[in-house]
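Enquirer: Below: one structure in structure tokens.
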Amino acid sequence: MDRLAEQAAAAIERLPVTEFYGQVTKILGLLVEIAGVSERLTVGSVVHLRPNGNRIVPCEVIGFRDRQALLMPFGTLEGVGMGCKAFIQAQEPVVNPSDMWLGRVINALAEPIDGKGGLPQGIEPVPLRNRPPPAHARQRLGPQLDLGVRAVNSFLPLRQGQRMGIFSGSGVGKSVLLSMMARYTDADVSVIGLVGERGREVQEFLEDDLGPDGLARSVVIVATGDEPALMRRQAAYLTLAVAEYFRNQGRQVLCLIDSVTRFAMAQREIGLSAGEPPTSKGYPPTTFGELSRLLERAGAGTAGQGAITGLFSVLVEGDDHNEPISDAARGILDGHIVMDRKIADRGRYPAIDILKSISRSMPNVFSDWQNGVVRKAKQVITTYEDMAELIRLGAYRRGADPAVDEAIRLYPQIEKFLTQNKDDSANIDESFSLLAGILGMHA
């Protein structure tokens with residue numbers, strides 16, 4: 001009862017005392033201009049258009065031109081016309097997460113979309129565009145986080161508070177890999193942002209990939225590809241805000257966003273609509289600044305807080321791993337998992353290219369013996385792949401090089417080790433025990 005009273009009091013405090021409004025003067029595509037209240041607005045302010053008595057169209061200020069505010073909507077503009085009233089929302093855009101959000105699926109406006117009833121509001125507001133903790137006050141990375149995936153646990157360790165990118169073209173299996181990590185991780189809470197996802201795949205992800213057990217300790221934020229650019233961008237902001245709430249409680253949070261590229265595409269639409277000049281591949285300059293600010297919010301907290309371990313998928317356009325968003329994300333994150341279409345084509349899933357992937361927490365996270373196992377396995381993979389063409393053509397004769405002979409013998413077993421069904425899991429100790437057994441390097 002006391003908690004209910006606290007929530008009611010917090011809701012009353014958030015109610016505006018006065019109401020200011022302007023009027024719509026121009027509509028061009030999804031860009032709306034309003035006049036009369038520009039001096040009361042800033043970039044990022046929320047404005048509600050009310051085309052009739054019942055319907056509300058939430059919008060965000062994205063810029064100013066000729067003393068008029070430029071807005072983009074979070075929904076459709078049907079019914080909005082010249083002279084439509086535009087009401088300023090007094091409070092800073094915040095969200096009020098609660099522990100009761102675990103197991104729920106919500107949209108970018110923090111509204112439930114899972115048919116399970118209303119969403120309880122917490123008493124601690126978290127700004128949607130929060131700032132990361134000060135660099136000098138942040139804790140260092142924690143111990144290794146078990147993700148249940150053999151290839152990642154053994155070759156690409158992820159420490160608590162680390163941020164890793166998953167780089168992949170379309171259809172190579174990055175979403176399935178993310179779902180495996182969300183389901184099998186030993187983190188306290190998972191916060192999953194599906195940004196620009198296909199609507200058809202959302203239910204499949206929740207029921208088949210994440211499963212009831214994974215969903216029970218997760219909060220899932222969804223903005224499908226057909227929703228406006230502001231909704232897709234805000235889904236990423238909301239994902240980090242919810243993760244920050246749980247981190248502030250001292251919990252270990254696994255934050256997953258699929259995908260960062262679609263967040264950048266949404267920011268490109270917004271920036272170009274506001275009149276920004278296009279630069280590399282049409283992305284305006286603010287895209288790269290927003291990308292950095294978003295990803296920096298993940299990581300270790302300050303003393304007494306938990307950590308947000310980030311896994312961010314990057315959709316590589318045209319399988320070009322040097323395209324602008326991939327290049328920028330690689331420079332911000334603490335490592336990258338590269339998924340290769342050629343590996344997927346030969347039926348090995350998850351299709352991780354071990355030699356092109358790296359975790360910047362190595363080698364400090366592993367013991368000397370574990371580092372030796374990883375080093376030996378990579379040597380075997382490198383030796384085999386360097387000679388793969390000659391081996392396939394039959395041009396290599398056994399006995400010519402002992403290292404190549406060993407690689408030919410061990411490579412199929414390592415390939416089998418790297419192959420993992422999405423319904424299987426393997427902890428860190430199991431992964432190393434199996435890999436060491438293949439290499440004959442028992443501790």
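Naming scheme: A, B, ... for chains in displayed order of the structure tokens; residues 1 onward per chain; ligands 1 onward as shown.
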For A:Asp226, work out the shell of residues within 12 Å, counting only C-alpha atoms and skipping chain neighbours fewer than 3 positions away, then give it as an MDAnalysis selection string.
Expert: chainID A and resid 74:76 195:200 222:223 229:232 262 266
Enquirer: If DSSP is run on the backbone, what residues of stretch 155-252 of chain A are strand (DSSP E)? A reply as a list in words would be ideal.
Expert: Arg163, Met164, Gly165, Ile166, Phe167, Ser168, Val189, Ser190, Val191, Ile192, Gly193, Leu194, Val195, Gly196, Glu197, Ser218, Val219, Val220, Ile221, Val222, Ala223, Thr224 and Gln252 of chain A
Enquirer: Name the residues in contact with A:Leu410 at a cut-off of 10 Å, using only C-alpha atoms, excluding same-chain residues fewer than 5 positions from it; report them as a list in words.
Expert: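 That gives Ala377, Val380, Ile381, Tyr384, Val404, Asp405, Glu415, Ile438 and Leu439 of chain A.
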Enquirer: Give me the residues within 7 Å of stretch 27-38 of chain A as a PyMOL selection string, counting only C-alpha atoms and dropping any in the same chain fewer than 3 places off.
Expert: chain A and resi 21-24+41+67-73+273
Enquirer: Might you pull out every residue within 9 Å of A:Pro285, with only C-alpha atoms counted and same-chain residues fewer than 3 positions away left off, and present them as a list of chain:residue names?
Expert: A:Arg268, A:Gly271, A:Glu276, A:Pro277, A:Pro278, A:Thr279, A:Ser280, A:Phe288, A:Gly289
Enquirer: From stretch 71-168 of chain A, collect each residue whose DSSP state is alpha helix (DSSP H) and return the set as a ChimeraX atom specification.
Expert: /A:150-155
Enquirer: Generate the output file for the selected residues, N, CA and C atoms, as a PDB file, in the first residue's frame.
Expert:
```pdb
ATOM      1  N   ARG A 150      29.976 -21.499 -26.807  1.00  0.00           N
ATOM      2  CA  ARG A 150      31.352 -22.009 -26.717  1.00  0.00           C
ATOM      3  C   ARG A 150      32.360 -21.105 -27.408  1.00  0.00           C
ATOM      4  N   ALA A 151      32.039 -20.675 -28.636  1.00  0.00           N
ATOM      5  CA  ALA A 151      32.984 -19.873 -29.411  1.00  0.00           C
ATOM      6  C   ALA A 151      33.304 -18.560 -28.713  1.00  0.00           C
ATOM      7  N   VAL A 152      32.302 -17.953 -28.081  1.00  0.00           N
ATOM      8  CA  VAL A 152      32.493 -16.669 -27.410  1.00  0.00           C
ATOM      9  C   VAL A 152      33.177 -16.866 -26.060  1.00  0.00           C
ATOM     10  N   ASN A 153      32.735 -17.842 -25.287  1.00  0.00           N
ATOM     11  CA  ASN A 153      33.315 -18.072 -23.967  1.00  0.00           C
ATOM     12  C   ASN A 153      34.802 -18.392 -24.030  1.00  0.00           C
ATOM     13  N   SER A 154      35.233 -19.084 -25.093  1.00  0.00           N
ATOM     14  CA  SER A 154      36.620 -19.537 -25.159  1.00  0.00           C
ATOM     15  C   SER A 154      37.522 -18.605 -25.961  1.00  0.00           C
ATOM     16  N   PHE A 155      37.045 -18.083 -27.082  1.00  0.00           N
ATOM     17  CA  PHE A 155      37.896 -17.265 -27.943  1.00  0.00           C
ATOM     18  C   PHE A 155      37.676 -15.763 -27.779  1.00  0.00           C
TER      19      PHE A 155
END
```
Enquirer: Between atom CA of A:Ala307 and atom CA of A:Leu333, what distance in Å does the model show, to one decimal?
Expert: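 Result for atom CA of A:Ala307 versus atom CA of A:Leu333: 15.4 Å, one decimal.
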Enquirer: Using only C-alpha atoms, which protein or nucleic acid residues come within 10 Å of A:Lys116? Drop anything in the same chain fewer than 5 positions from it, and give the result as number ranges by chain.
Expert: A: 103-105
Enquirer: Keeping C-alpha atoms, export the residues of the selection given above as an mmCIF file, in the first residue's frame.
Expert:
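Okay, this is what ended up in again.cif:
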```
data_model
loop_
_atom_site.group_PDB
_atom_site.id
_atom_site.type_symbol
_atom_site.label_atom_id
_atom_site.label_comp_id
_atom_site.auth_asym_id
_atom_site.auth_seq_id
_atom_site.Cartn_x
_atom_site.Cartn_y
_atom_site.Cartn_z
ATOM 1 C CA GLY A 103 8.982 -10.319 -18.490
ATOM 2 C CA ARG A 104 7.253 -7.512 -20.381
ATOM 3 C CA VAL A 105 7.386 -6.336 -23.992
#
```
Enquirer: Which distance in Å separates atom CA of A:Pro132 and atom CA of A:Ala236, to one decimal?
Expert: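 So the answer is 14.7 Å.
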Enquirer: List the spatial neighbours of A:Asp424 as a PyMOL selection string - criterion: any atom at most 9 Å away, only C-alpha atoms, same-chain residues fewer than 3 positions off excluded.
Expert: chain A and resi 148-149+180+420-421
Enquirer: Put those residues in a file: N, CA and C atoms, as a PDB file, in the first residue's frame.
Expert:
```pdb
ATOM      1  N   GLY A 148      27.167 -18.706 -22.429  1.00  0.00           N
ATOM      2  CA  GLY A 148      26.608 -19.978 -22.866  1.00  0.00           C
ATOM      3  C   GLY A 148      26.954 -20.392 -24.277  1.00  0.00           C
ATOM      4  N   VAL A 149      27.800 -19.622 -24.969  1.00  0.00           N
ATOM      5  CA  VAL A 149      28.182 -19.922 -26.353  1.00  0.00           C
ATOM      6  C   VAL A 149      29.667 -20.294 -26.360  1.00  0.00           C
ATOM      7  N   MET A 180      20.690 -16.455 -28.121  1.00  0.00           N
ATOM      8  CA  MET A 180      21.360 -17.478 -27.322  1.00  0.00           C
ATOM      9  C   MET A 180      22.033 -16.849 -26.110  1.00  0.00           C
ATOM     10  N   GLN A 420      27.288 -24.850 -32.815  1.00  0.00           N
ATOM     11  CA  GLN A 420      26.422 -24.981 -31.632  1.00  0.00           C
ATOM     12  C   GLN A 420      24.985 -24.698 -32.006  1.00  0.00           C
ATOM     13  N   ASN A 421      24.100 -25.603 -31.677  1.00  0.00           N
ATOM     14  CA  ASN A 421      22.674 -25.411 -31.903  1.00  0.00           C
ATOM     15  C   ASN A 421      22.139 -24.356 -30.943  1.00  0.00           C
TER      16      ASN A 421
END
```
Enquirer: Which distance in Å separates atom CA of A:Asp209 and atom CA of A:Gly142, to one decimal?
Expert: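 Interatomic distance here is 27.6 Å.
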Enquirer: Report as a tab-separated table: every residue of stretch 105-158 of chain A with an atom at most 12 Å from stretch 248-259 of chain A, its closest pair of atoms, and their distance in Å to one decimal, counting only C-alpha atoms, with rows sorted by chain and ascending residue number.
Expert:
```
residue	atom	partner	partner_atom	distance
A:Glu124	CA	A:Asn248	CA	10.3
A:Pro125	CA	A:Asn248	CA	11.7
A:Val126	CA	A:Asn248	CA	10.2
A:Pro132	CA	A:Asn248	CA	12.0
A:Pro133	CA	A:Asn248	CA	10.8
A:Leu141	CA	A:Gln252	CA	11.7
A:Gly142	CA	A:Gln252	CA	9.9
A:Pro143	CA	A:Gln252	CA	11.2
A:Gln144	CA	A:Gln252	CA	11.8
A:Leu145	CA	A:Leu254	CA	9.3
A:Asp146	CA	A:Leu254	CA	10.9
A:Leu147	CA	A:Leu254	CA	9.8
A:Leu158	CA	A:Leu254	CA	10.7
```
Enquirer: Between A:Arg129, A:Arg159, A:Lys342, A:Arg392, single out the one closest to A:Thr239, counting only C-alpha atoms.
Expert: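 Closest to A:Thr239 of all the choices is A:Arg129.
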Enquirer: Which stretch 72-131 of chain A residues have any atom within 12 Å of an atom of stretch 181-189 of chain A, and for each, what is the nearest pair of atoms with distance in Å to one decimal, counting only C-alpha atoms, rows sorted by chain and number, as a Markdown table?
Expert:
```
| residue | atom | partner | partner_atom | distance |
| --- | --- | --- | --- | --- |
| A:Asp99 | CA | A:Val189 | CA | 10.1 |
| A:Trp101 | CA | A:Val189 | CA | 10.9 |
| A:Leu102 | CA | A:Val189 | CA | 8.2 |
| A:Gly103 | CA | A:Val189 | CA | 10.2 |
```
